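For reference, protein_17.pdb (PDB, C-alpha atoms and all ligand atoms):
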```
MODEL        1
ATOM      1  CA  VAL A   1      62.782 -18.434 -66.297
ATOM      2  CA  SER A   2      62.859 -21.531 -68.408
ATOM      3  CA  ASP A   3      66.545 -21.294 -69.289
ATOM      4  CA  LEU A   4      67.722 -21.269 -65.684
ATOM      5  CA  ILE A   5      70.589 -23.719 -65.243
ATOM      6  CA  ILE A   6      69.828 -25.850 -62.223
ATOM      7  CA  ILE A   7      72.840 -28.155 -62.175
ATOM      8  CA  LYS A   8      75.793 -26.003 -61.330
ATOM      9  CA  THR A   9      78.572 -28.504 -60.994
ATOM     10  CA  GLN A  10      79.019 -31.844 -62.612
ATOM     11  CA  GLU A  11      81.563 -34.564 -62.180
ATOM     12  CA  LEU A  12      83.506 -35.439 -65.270
ATOM     13  CA  LYS A  13      85.465 -38.672 -65.701
ATOM     14  CA  LEU A  14      88.675 -38.168 -67.564
ATOM     15  CA  ASP A  15      91.159 -40.700 -68.920
ATOM     16  CA  CYS A  16      94.515 -39.123 -68.153
ATOM     17  CA  ASN A  17      97.047 -39.452 -70.942
ATOM     18  CA  ARG A  18      99.899 -38.730 -68.529
ATOM     19  CA  CYS A  19      99.549 -41.103 -65.571
ATOM     20  CA  LEU A  20      97.255 -43.435 -67.602
ATOM     21  CA  LYS A  21      94.705 -43.476 -64.780
ATOM     22  CA  GLN A  22      91.222 -42.006 -64.578
ATOM     23  CA  HIS A  23      90.542 -38.719 -62.760
ATOM     24  CA  SER A  24      87.204 -37.293 -61.781
ATOM     25  CA  VAL A  25      87.015 -33.549 -62.120
ATOM     26  CA  GLU A  26      84.340 -31.189 -60.831
ATOM     27  CA  ILE A  27      83.271 -28.731 -63.473
ATOM     28  CA  ASP A  28      81.549 -25.519 -62.465
ATOM     29  CA  PHE A  29      79.096 -24.841 -65.272
ATOM     30  CA  GLU A  30      78.895 -21.154 -64.459
ATOM     31  CA  THR A  31      82.508 -20.682 -65.510
ATOM     32  CA  LEU A  32      81.993 -22.221 -68.954
ATOM     33  CA  THR A  33      81.553 -20.315 -72.189
ATOM     34  CA  LYS A  34      78.515 -20.804 -74.434
ATOM     35  CA  GLU A  35      80.627 -22.854 -76.850
ATOM     36  CA  GLN A  36      81.823 -25.110 -74.059
ATOM     37  CA  LYS A  37      78.289 -25.662 -72.759
ATOM     38  CA  GLU A  38      77.132 -26.588 -76.244
ATOM     39  CA  GLY A  39      80.005 -29.018 -76.658
ATOM     40  CA  GLU A  40      81.690 -27.085 -79.472
ATOM     41  CA  GLU A  41      84.846 -26.471 -77.485
ATOM     42  CA  PRO A  42      86.648 -28.675 -74.967
ATOM     43  CA  VAL A  43      85.823 -28.049 -71.333
ATOM     44  CA  LEU A  44      89.325 -28.771 -70.071
ATOM     45  CA  TYR A  45      92.016 -26.800 -71.845
ATOM     46  CA  ASN A  46      94.697 -26.865 -69.221
ATOM     47  CA  PHE A  47      94.138 -30.011 -67.253
ATOM     48  CA  ILE A  48      97.288 -30.788 -65.277
ATOM     49  CA  CYS A  49      97.321 -34.271 -63.854
ATOM     50  CA  PRO A  50      97.287 -33.737 -60.077
ATOM     51  CA  ASP A  51      99.052 -37.008 -59.273
ATOM     52  CA  MET A  52     102.211 -36.721 -61.355
ATOM     53  CA  ALA A  53     105.530 -36.122 -59.626
ATOM     54  CA  LEU A  54     106.784 -32.829 -61.065
ATOM     55  CA  MET A  55     109.778 -30.607 -60.569
ATOM     56  CA  TYR A  56     110.598 -27.152 -61.933
ATOM     57  CA  ARG A  57     113.293 -27.115 -64.581
ATOM     58  CA  VAL A  58     115.046 -23.849 -65.459
ATOM     59  CA  LEU A  59     114.617 -23.063 -69.152
ATOM     60  CA  ASN A  60     115.715 -19.411 -69.464
ATOM     61  CA  PHE A  61     119.227 -18.160 -68.898
ATOM     62  CA  ALA A  62     121.221 -14.969 -69.274
ATOM     63  CA  VAL A  63     124.629 -16.228 -70.296
ATOM     64  CA  ASP A  64     127.832 -14.309 -70.903
ATOM     65  CA  LEU A  65     130.933 -16.475 -70.650
ATOM     66  CA  ARG A  66     132.949 -14.534 -73.218
ATOM     67  CA  VAL A  67     135.599 -13.474 -70.765
ATOM     68  CA  ASN A  68     136.401 -17.130 -69.997
ATOM     69  CA  SER A  69     136.856 -17.795 -73.697
ATOM     70  CA  LEU A  70     139.186 -14.815 -74.014
ATOM     71  CA  ARG A  71     141.244 -15.700 -70.957
ATOM     72  CA  ASP A  72     141.549 -19.436 -71.414
ATOM     73  CA  ASP A  73     143.571 -21.101 -74.076
ATOM     74  CA  LEU A  74     140.698 -21.574 -76.495
ATOM     75  CA  PRO A  75     141.016 -21.901 -80.276
ATOM     76  CA  LYS A  76     141.975 -18.600 -81.896
ATOM     77  CA  GLU A  77     138.873 -18.688 -84.141
ATOM     78  CA  VAL A  78     136.535 -18.608 -81.118
ATOM     79  CA  GLN A  79     138.404 -15.660 -79.622
ATOM     80  CA  GLU A  80     138.462 -13.795 -82.913
ATOM     81  CA  VAL A  81     134.664 -13.932 -83.248
ATOM     82  CA  ILE A  82     134.231 -12.474 -79.740
ATOM     83  CA  ILE A  83     136.881  -9.797 -80.319
ATOM     84  CA  SER A  84     135.345  -8.785 -83.622
ATOM     85  CA  ASP A  85     131.883  -8.476 -81.985
ATOM     86  CA  LEU A  86     133.282  -6.288 -79.203
ATOM     87  CA  LYS A  87     135.177  -4.157 -81.705
ATOM     88  CA  THR A  88     131.972  -3.559 -83.682
ATOM     89  CA  MET A  89     130.205  -2.562 -80.482
ATOM     90  CA  TRP A  90     132.923  -0.441 -78.857
ATOM     91  CA  GLY A  91     134.875   0.964 -81.812
ATOM     92  CA  GLU A  92     138.470   0.403 -82.886
ATOM     93  CA  PHE A  93     140.074   3.421 -81.225
ATOM     94  CA  ASP A  94     142.482   2.202 -78.499
ATOM     95  CA  PHE A  95     140.720  -1.161 -78.670
ATOM     96  CA  ASP A  96     143.421  -3.125 -76.834
ATOM     97  CA  SER A  97     142.874  -1.029 -73.700
ATOM     98  CA  LYS A  98     139.124  -1.664 -73.955
ATOM     99  CA  LEU A  99     139.675  -5.394 -74.279
ATOM    100  CA  ASN A 100     142.176  -5.435 -71.427
ATOM    101  CA  ARG A 101     139.694  -3.719 -69.136
ATOM    102  CA  PHE A 102     137.036  -6.281 -70.106
ATOM    103  CA  ILE A 103     139.391  -9.161 -69.323
ATOM    104  CA  LYS A 104     140.547  -7.520 -66.102
ATOM    105  CA  LEU A 105     136.934  -7.115 -64.902
ATOM    106  CA  ASN A 106     136.545 -10.860 -65.427
ATOM    107  CA  LEU A 107     132.732 -11.054 -65.258
ATOM    108  CA  ALA A 108     131.161 -14.339 -66.332
ATOM    109  CA  LEU A 109     127.499 -15.050 -65.845
ATOM    110  CA  ALA A 110     124.914 -17.819 -66.271
ATOM    111  CA  GLY A 111     121.975 -16.430 -64.413
ATOM    112  CA  ILE A 112     118.311 -15.678 -64.076
ATOM    113  CA  PRO A 113     117.495 -13.500 -67.111
ATOM    114  CA  ASP A 114     116.112 -10.626 -65.108
ATOM    115  CA  GLU A 115     116.457  -7.029 -66.331
ATOM    116  CA  TYR A 116     119.766  -6.470 -64.503
ATOM    117  CA  TYR A 117     121.729  -8.294 -67.184
ATOM    118  CA  ASP A 118     121.411  -5.741 -70.000
ATOM    119  CA  LEU A 119     121.762  -2.873 -67.553
ATOM    120  CA  LEU A 120     124.972  -4.323 -66.134
ATOM    121  CA  PHE A 121     126.408  -4.728 -69.600
ATOM    122  CA  SER A 122     125.883  -1.069 -70.432
ATOM    123  CA  VAL A 123     127.777  -0.133 -67.236
ATOM    124  CA  VAL A 124     130.540  -2.590 -68.161
ATOM    125  CA  SER A 125     130.708  -1.164 -71.685
ATOM    126  CA  SER A 126     131.124   2.382 -70.335
ATOM    127  CA  TYR A 127     133.985   1.206 -68.146
ATOM    128  CA  CYS A 128     135.722  -0.768 -70.902
ATOM    129  CA  CYS A 129     135.475   2.187 -73.285
ATOM    130  CA  GLY A 130     137.118   4.436 -70.696
ATOM    131  CA  TYR A 131     133.987   6.360 -69.707
ATOM    132  CA  PHE A 132     134.633   6.012 -66.001
ATOM    133  CA  TYR A 133     132.183   8.629 -64.731
ATOM    134  CA  PRO A 134     129.026   6.994 -66.150
ATOM    135  CA  ALA A 135     130.489   3.604 -65.214
ATOM    136  CA  MET A 136     130.830   4.829 -61.629
ATOM    137  CA  THR A 137     127.437   6.483 -61.289
ATOM    138  CA  GLY A 138     125.794   3.719 -63.328
ATOM    139  CA  SER A 139     126.999   0.969 -61.028
ATOM    140  CA  GLY A 140     125.648   2.841 -57.991
ATOM    141  CA  SER A 141     122.297   3.422 -59.682
ATOM    142  CA  LEU A 142     121.962  -0.171 -60.799
ATOM    143  CA  GLY A 143     122.783  -1.396 -57.296
ATOM    144  CA  GLU A 144     120.035   0.853 -55.953
ATOM    145  CA  ARG A 145     117.646  -0.415 -58.605
ATOM    146  CA  ILE A 146     118.331  -4.062 -57.723
ATOM    147  CA  LEU A 147     117.891  -3.311 -54.016
ATOM    148  CA  ASN A 148     114.556  -1.592 -54.662
ATOM    149  CA  ARG A 149     113.372  -4.246 -57.089
ATOM    150  CA  LEU A 150     114.100  -7.061 -54.624
ATOM    151  CA  LEU A 151     112.326  -5.313 -51.771
ATOM    152  CA  LEU A 152     109.271  -4.099 -53.703
ATOM    153  CA  LYS A 153     108.576  -7.432 -55.379
ATOM    154  CA  ILE A 154     109.014  -9.426 -52.206
ATOM    155  CA  ARG A 155     107.591  -7.326 -49.372
ATOM    156  CA  SER A 156     103.982  -8.523 -49.739
ATOM    157  CA  TYR A 157     105.103 -11.996 -48.663
ATOM    158  CA  PHE A 158     106.109 -10.587 -45.273
ATOM    159  CA  LYS A 159     102.982  -8.778 -44.120
ATOM    160  CA  SER A 160     103.282 -10.174 -40.615
ATOM    161  CA  SER A 161     106.880  -8.965 -40.239
ATOM    162  CA  GLU A 162     107.775  -6.040 -37.964
ATOM    163  CA  HIS A 163     109.544  -4.411 -40.916
ATOM    164  CA  TYR A 164     106.519  -4.523 -43.184
ATOM    165  CA  LYS A 165     104.725  -1.483 -41.803
ATOM    166  CA  LYS A 166     107.880   0.578 -42.368
ATOM    167  CA  VAL A 167     108.350  -0.442 -45.999
ATOM    168  CA  TYR A 168     104.925  -1.149 -47.508
ATOM    169  CA  ARG A 169     103.964   2.426 -48.382
ATOM    170  CA  LYS A 170     107.176   3.568 -50.055
ATOM    171  CA  ASP A 171     107.688   3.416 -53.822
ATOM    172  CA  SER A 172     111.465   3.626 -53.636
ATOM    173  CA  PHE A 173     114.348   3.697 -51.178
ATOM    174  CA  HIS A 174     117.353   6.016 -51.461
ATOM    175  CA  ASN A 175     118.938   5.254 -48.127
ATOM    176  CA  TRP A 176     120.228   1.724 -48.573
ATOM    177  CA  ASP A 177     120.814   0.689 -44.963
ATOM    178  CA  TYR A 178     117.264  -0.209 -44.008
ATOM    179  CA  PRO A 179     116.353  -2.179 -47.174
ATOM    180  CA  ILE A 180     119.613  -4.121 -46.866
ATOM    181  CA  LEU A 181     118.785  -4.974 -43.252
ATOM    182  CA  VAL A 182     115.205  -5.966 -44.109
ATOM    183  CA  LEU A 183     116.190  -8.219 -47.023
ATOM    184  CA  LYS A 184     118.788  -9.879 -44.829
ATOM    185  CA  ASP A 185     116.338 -10.394 -41.964
ATOM    186  CA  TRP A 186     113.833 -11.904 -44.409
ATOM    187  CA  GLY A 187     116.442 -14.335 -45.687
ATOM    188  CA  ILE A 188     116.260 -12.952 -49.232
ATOM    189  CA  ILE A 189     119.931 -11.919 -49.427
ATOM    190  CA  SER A 190     122.947 -13.620 -47.860
ATOM    191  CA  ASP A 191     125.563 -12.019 -45.616
ATOM    192  CA  GLU A 192     127.871 -11.879 -48.620
ATOM    193  CA  VAL A 193     125.345  -9.973 -50.756
ATOM    194  CA  SER A 194     124.576  -7.665 -47.860
ATOM    195  CA  VAL A 195     128.281  -6.820 -47.486
ATOM    196  CA  ALA A 196     128.588  -6.193 -51.241
ATOM    197  CA  PHE A 197     125.585  -3.831 -51.092
ATOM    198  CA  GLN A 198     127.278  -1.948 -48.235
ATOM    199  CA  THR A 199     130.514  -1.658 -50.240
ATOM    200  CA  LEU A 200     128.668  -0.420 -53.312
ATOM    201  CA  LYS A 201     126.628   2.011 -51.223
ATOM    202  CA  GLN A 202     129.848   3.710 -50.133
ATOM    203  CA  TYR A 203     131.045   4.073 -53.746
ATOM    204  CA  ARG A 204     127.660   5.396 -54.782
ATOM    205  CA  ASN A 205     127.632   8.039 -52.025
ATOM    206  CA  ASP A 206     131.267   9.050 -52.542
ATOM    207  CA  SER A 207     130.862   9.449 -56.307
ATOM    208  CA  ILE A 208     127.592  11.377 -56.221
ATOM    209  CA  HIS A 209     128.486  13.786 -53.409
ATOM    210  CA  TYR A 210     131.329  16.100 -54.332
ATOM    211  CA  GLN A 211     134.818  14.980 -53.440
ATOM    212  CA  ASP A 212     137.851  16.863 -54.702
ATOM    213  CA  GLY A 213     140.064  14.776 -56.994
ATOM    214  CA  TYR A 214     137.920  11.640 -56.854
ATOM    215  CA  ASP A 215     139.569   8.755 -58.749
ATOM    216  CA  PHE A 216     136.796   7.631 -61.066
ATOM    217  CA  GLU A 217     138.946   5.151 -62.994
ATOM    218  CA  SER A 218     140.052   2.931 -60.150
ATOM    219  CA  ASN A 219     136.892   3.390 -58.073
ATOM    220  CA  SER A 220     134.595   2.536 -60.984
ATOM    221  CA  HIS A 221     136.452  -0.758 -61.387
ATOM    222  CA  ASP A 222     135.913  -1.591 -57.717
ATOM    223  CA  ALA A 223     132.284  -0.439 -57.768
ATOM    224  CA  ILE A 224     131.519  -2.675 -60.757
ATOM    225  CA  LYS A 225     133.168  -5.591 -58.953
ATOM    226  CA  ALA A 226     130.898  -5.026 -55.919
ATOM    227  CA  LEU A 227     127.862  -4.789 -58.204
ATOM    228  CA  ALA A 228     128.925  -7.976 -59.997
ATOM    229  CA  THR A 229     129.245  -9.772 -56.660
ATOM    230  CA  ILE A 230     125.647  -8.834 -55.809
ATOM    231  CA  ILE A 231     124.428 -10.121 -59.170
ATOM    232  CA  ASP A 232     126.548 -13.268 -59.061
ATOM    233  CA  LYS A 233     125.607 -14.289 -55.524
ATOM    234  CA  GLN A 234     121.940 -13.409 -55.925
ATOM    235  CA  PHE A 235     121.041 -14.307 -59.530
ATOM    236  CA  ASN A 236     123.610 -16.759 -60.879
ATOM    237  CA  TYR A 237     122.065 -20.245 -61.042
ATOM    238  CA  ILE A 238     125.464 -21.884 -60.764
ATOM    239  CA  THR A 239     126.347 -19.935 -57.614
ATOM    240  CA  ARG A 240     122.935 -20.560 -56.018
ATOM    241  CA  LYS A 241     123.428 -24.210 -55.148
ATOM    242  CA  ASP A 242     121.294 -23.517 -52.066
ATOM    243  CA  LEU A 243     118.275 -23.158 -54.417
ATOM    244  CA  PHE A 244     119.120 -25.309 -57.417
ATOM    245  CA  TRP A 245     120.246 -28.765 -58.430
ATOM    246  CA  VAL A 246     123.053 -27.639 -60.703
ATOM    247  CA  PHE A 247     124.115 -30.299 -63.224
ATOM    248  CA  ASP A 248     123.135 -33.220 -60.944
ATOM    249  CA  ILE A 249     121.410 -34.064 -64.191
ATOM    250  CA  PRO A 250     124.031 -33.396 -66.889
ATOM    251  CA  GLY A 251     123.477 -30.085 -68.656
ATOM    252  CA  GLU A 252     120.314 -29.241 -66.696
ATOM    253  CA  ILE A 253     119.375 -27.027 -63.748
ATOM    254  CA  TRP A 254     116.322 -27.832 -61.609
ATOM    255  CA  LEU A 255     114.802 -25.974 -58.680
ATOM    256  CA  LYS A 256     115.086 -27.699 -55.298
ATOM    257  CA  SER A 257     111.451 -28.477 -54.483
ATOM    258  CA  ALA A 258     111.833 -27.302 -50.881
ATOM    259  CA  PHE A 259     112.123 -23.725 -52.240
ATOM    260  CA  VAL A 260     109.022 -23.572 -54.453
ATOM    261  CA  ASN A 261     107.309 -21.257 -51.957
ATOM    262  CA  ASN A 262     110.352 -19.086 -51.249
ATOM    263  CA  PRO A 263     109.372 -15.475 -52.113
ATOM    264  CA  PHE A 264     112.525 -14.786 -54.136
ATOM    265  CA  VAL A 265     111.980 -17.996 -56.087
ATOM    266  CA  ALA A 266     108.287 -17.268 -56.634
ATOM    267  CA  GLU A 267     108.955 -13.756 -57.992
ATOM    268  CA  PHE A 268     112.256 -14.124 -59.843
ATOM    269  CA  VAL A 269     112.762 -17.809 -60.657
ATOM    270  CA  LEU A 270     109.464 -19.588 -61.378
ATOM    271  CA  PRO A 271     108.655 -17.376 -64.403
ATOM    272  CA  HIS A 272     111.724 -18.915 -66.049
ATOM    273  CA  CYS A 273     110.882 -22.541 -65.208
ATOM    274  CA  ILE A 274     108.590 -25.241 -66.501
ATOM    275  CA  GLN A 275     107.074 -28.070 -64.428
ATOM    276  CA  LEU A 276     108.028 -31.444 -65.809
ATOM    277  CA  THR A 277     108.035 -35.149 -65.077
ATOM    278  CA  PRO A 278     111.417 -36.915 -65.081
ATOM    279  CA  PHE A 279     110.764 -38.177 -68.602
ATOM    280  CA  ASP A 280     109.543 -35.012 -70.380
ATOM    281  CA  GLU A 281     111.716 -33.366 -73.043
ATOM    282  CA  PRO A 282     110.224 -29.936 -73.795
ATOM    283  CA  THR A 283     113.359 -28.820 -75.642
ATOM    284  CA  ALA A 284     113.363 -31.831 -77.994
ATOM    285  CA  ASN A 285     112.236 -31.243 -81.543
ATOM    286  CA  PRO A 286     109.328 -31.931 -81.539
ATOM    287  CA  PRO A 287     108.789 -31.540 -77.771
ATOM    288  CA  PHE A 288     108.068 -34.806 -75.986
ATOM    289  CA  TRP A 289     105.626 -35.265 -73.101
ATOM    290  CA  ALA A 290     105.952 -38.658 -71.465
ATOM    291  CA  THR A 291     103.058 -40.918 -70.454
ATOM    292  CA  ASP A 292     102.997 -43.486 -67.662
ATOM    293  CA  VAL A 293     104.987 -41.185 -65.418
ATOM    294  CA  PRO A 294     105.915 -41.583 -61.718
ATOM    295  CA  LEU A 295     103.349 -40.342 -59.227
ATOM    296  CA  LYS A 296     103.625 -38.333 -56.022
ATOM    297  CA  PRO A 297     105.200 -38.533 -53.555
ATOM    298  CA  LEU A 298     108.690 -38.586 -55.048
ATOM    299  CA  SER A 299     111.757 -37.006 -53.481
ATOM    300  CA  ASP A 300     114.019 -34.743 -55.553
ATOM    301  CA  GLU A 301     116.788 -37.323 -55.220
ATOM    302  CA  GLU A 302     114.561 -40.104 -56.603
ATOM    303  CA  PHE A 303     113.373 -37.793 -59.370
ATOM    304  CA  ILE A 304     116.966 -37.035 -60.384
ATOM    305  CA  LYS A 305     117.831 -40.745 -60.327
ATOM    306  CA  LEU A 306     114.902 -41.522 -62.655
ATOM    307  CA  ARG A 307     115.807 -38.723 -65.039
ATOM    308  CA  ASN A 308     119.444 -39.750 -65.204
ATOM    309  CA  ALA A 309     118.380 -43.351 -65.927
ATOM    310  CA  ARG A 310     115.947 -42.397 -68.720
ATOM    311  CA  LYS A 311     116.585 -43.740 -72.191
TER     312      LYS A 311
HETATM  313 ZN    ZN B   1      96.842 -38.284 -64.307
ENDMDL
END
```
Go ahead and render the structure in this file as structure tokens.
Amino acid sequence: VSDLIIIKTQELKLDCNRCLKQHSVEIDFETLTKEQKEGEEPVLYNFICPDMALMYRVLNFAVDLRVNSLRDDLPKEVQEVIISDLKTMWGEFDFDSKLNRFIKLNLALAGIPDEYYDLLFSVVSSYCCGYFYPAMTGSGSLGERILNRLLLKIRSYFKSSEHYKKVYRKDSFHNWDYPILVLKDWGIISDEVSVAFQTLKQYRNDSIHYQDGYDFESNSHDAIKALATIIDKQFNYITRKDLFWVFDIPGEIWLKSAFVNNPFVAEFVLPHCIQLTPFDEPTANPPFWATDVPLKPLSDEEFIKLRNARK
């Protein structure tokens, strides 16, 4: 057994190019590849300086502000581009009615780019084109999908909750009342979102179960509005000032550090964020990573002050 490795961990001194100090890092030799052991490849690929003050900045957005541009008194050229795009998508037949419905719905969004965004737009398109039945049933289905998605992705964070043993085995929920209650008790949805889910639930049930002479046109409008309220109050960065610093730094949205461990944030927000120092510019061309950066502890307010004062 001559090639037995006796030393299993070794301390490595590292000059940090971020905080400009020296770190000592314990390396477990058993986790290294052959190339790393022989010095052909670096041992530390993803060293993140443990002392830097970092915050999460939002980098991905789902944005649709077209309706604002159509409604407001913007230059005609801007409006014409939007109108021409919608016409290509929806067809010219009775186009003014389609456009009027779009403007009347009045949905603007700058949110977490989760899957709901494309799905909502196909419901909205059905409605605008005058296909009220799929608009109606689609908004109920999408509401149910969002409700299920929230609960299924988040429940494992609440294993000690009374509710957990009633929800952990199920793959989907068709009766909305209990999931709405659970998400509200867990602090994942607000009262406002819970009320909007209840409103949409009623539309979903009324439209799916037979009712003589059901008014799909006017009810689909109201159902989409309830669905849009859920999406706006749950997923819109600009609405979620409880979770985000919205434009405290001009043009930028950052996560409030107190919410890093919030289950909704962990599952739905962090995948769209990057951890940065106050001086990093990942969207610059080329991207810029600052050195000699502030160290922990640093409050969010101090961080924002430093970023706003950067040159
Ligand atoms: Zn460092």
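Take the PyMOL selection byres (((not hetatm)) within 7 of (chain B and resi 1)) and apply it to this file: it picks A:Cys16, A:Asn17, A:Arg18, A:Cys19, A:Leu20, A:Lys21, A:Gln22, A:His23, A:Cys49, A:Pro50, A:Asp51, A:Met52.
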Original post:
What do you get, as a ChimeraX atom specification, if you spell out every residue that the PyMOL selection byres (((chain A and resi 293) around 8) and not hetatm) selects here?
Top reply: /A:18-19,52-53,277-279,290-292,294-295
**OP:** Give as a ChimeraX atom specification the residues that the PyMOL selection byres (((chain A and resi 115-129) around 6) and not hetatm) matches when applied to the coordinates above.
**Re:** /A:98,101-102,114,130-132,135,138
Selection export as a PDB file, in the coordinates of the input, atoms kept: C-alpha atoms:
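Written out: selection.pdb:
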```
ATOM      1  CA  LYS A  98     139.124  -1.664 -73.955  1.00  0.00           C
ATOM      2  CA  ARG A 101     139.694  -3.719 -69.136  1.00  0.00           C
ATOM      3  CA  PHE A 102     137.036  -6.281 -70.106  1.00  0.00           C
ATOM      4  CA  ASP A 114     116.112 -10.626 -65.108  1.00  0.00           C
ATOM      5  CA  GLY A 130     137.118   4.436 -70.696  1.00  0.00           C
ATOM      6  CA  TYR A 131     133.987   6.360 -69.707  1.00  0.00           C
ATOM      7  CA  PHE A 132     134.633   6.012 -66.001  1.00  0.00           C
ATOM      8  CA  ALA A 135     130.489   3.604 -65.214  1.00  0.00           C
ATOM      9  CA  GLY A 138     125.794   3.719 -63.328  1.00  0.00           C
TER      10      GLY A 138
END
```
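Interatomic distance, atom CA of Phe244 of chain A to atom CA of Lys159 of chain A: 26.7 Å.
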Original post:
Nearest to Val43 of chain A: which of A:Met55, A:Val67, A:Val182, A:Leu12 is it, counting all atoms listed in the file?
Top reply: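 Among the listed residues, the smallest separation from Val43 of chain A belongs to A:Leu12.
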Subject >> Interatomic distance (Å, one decimal) between atom CA of Ser156 of chain A and atom CA of Pro263 of chain A >> reply: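 Answer for the atom CA of Ser156 of chain A to atom CA of Pro263 of chain A separation: 9.1 Å.
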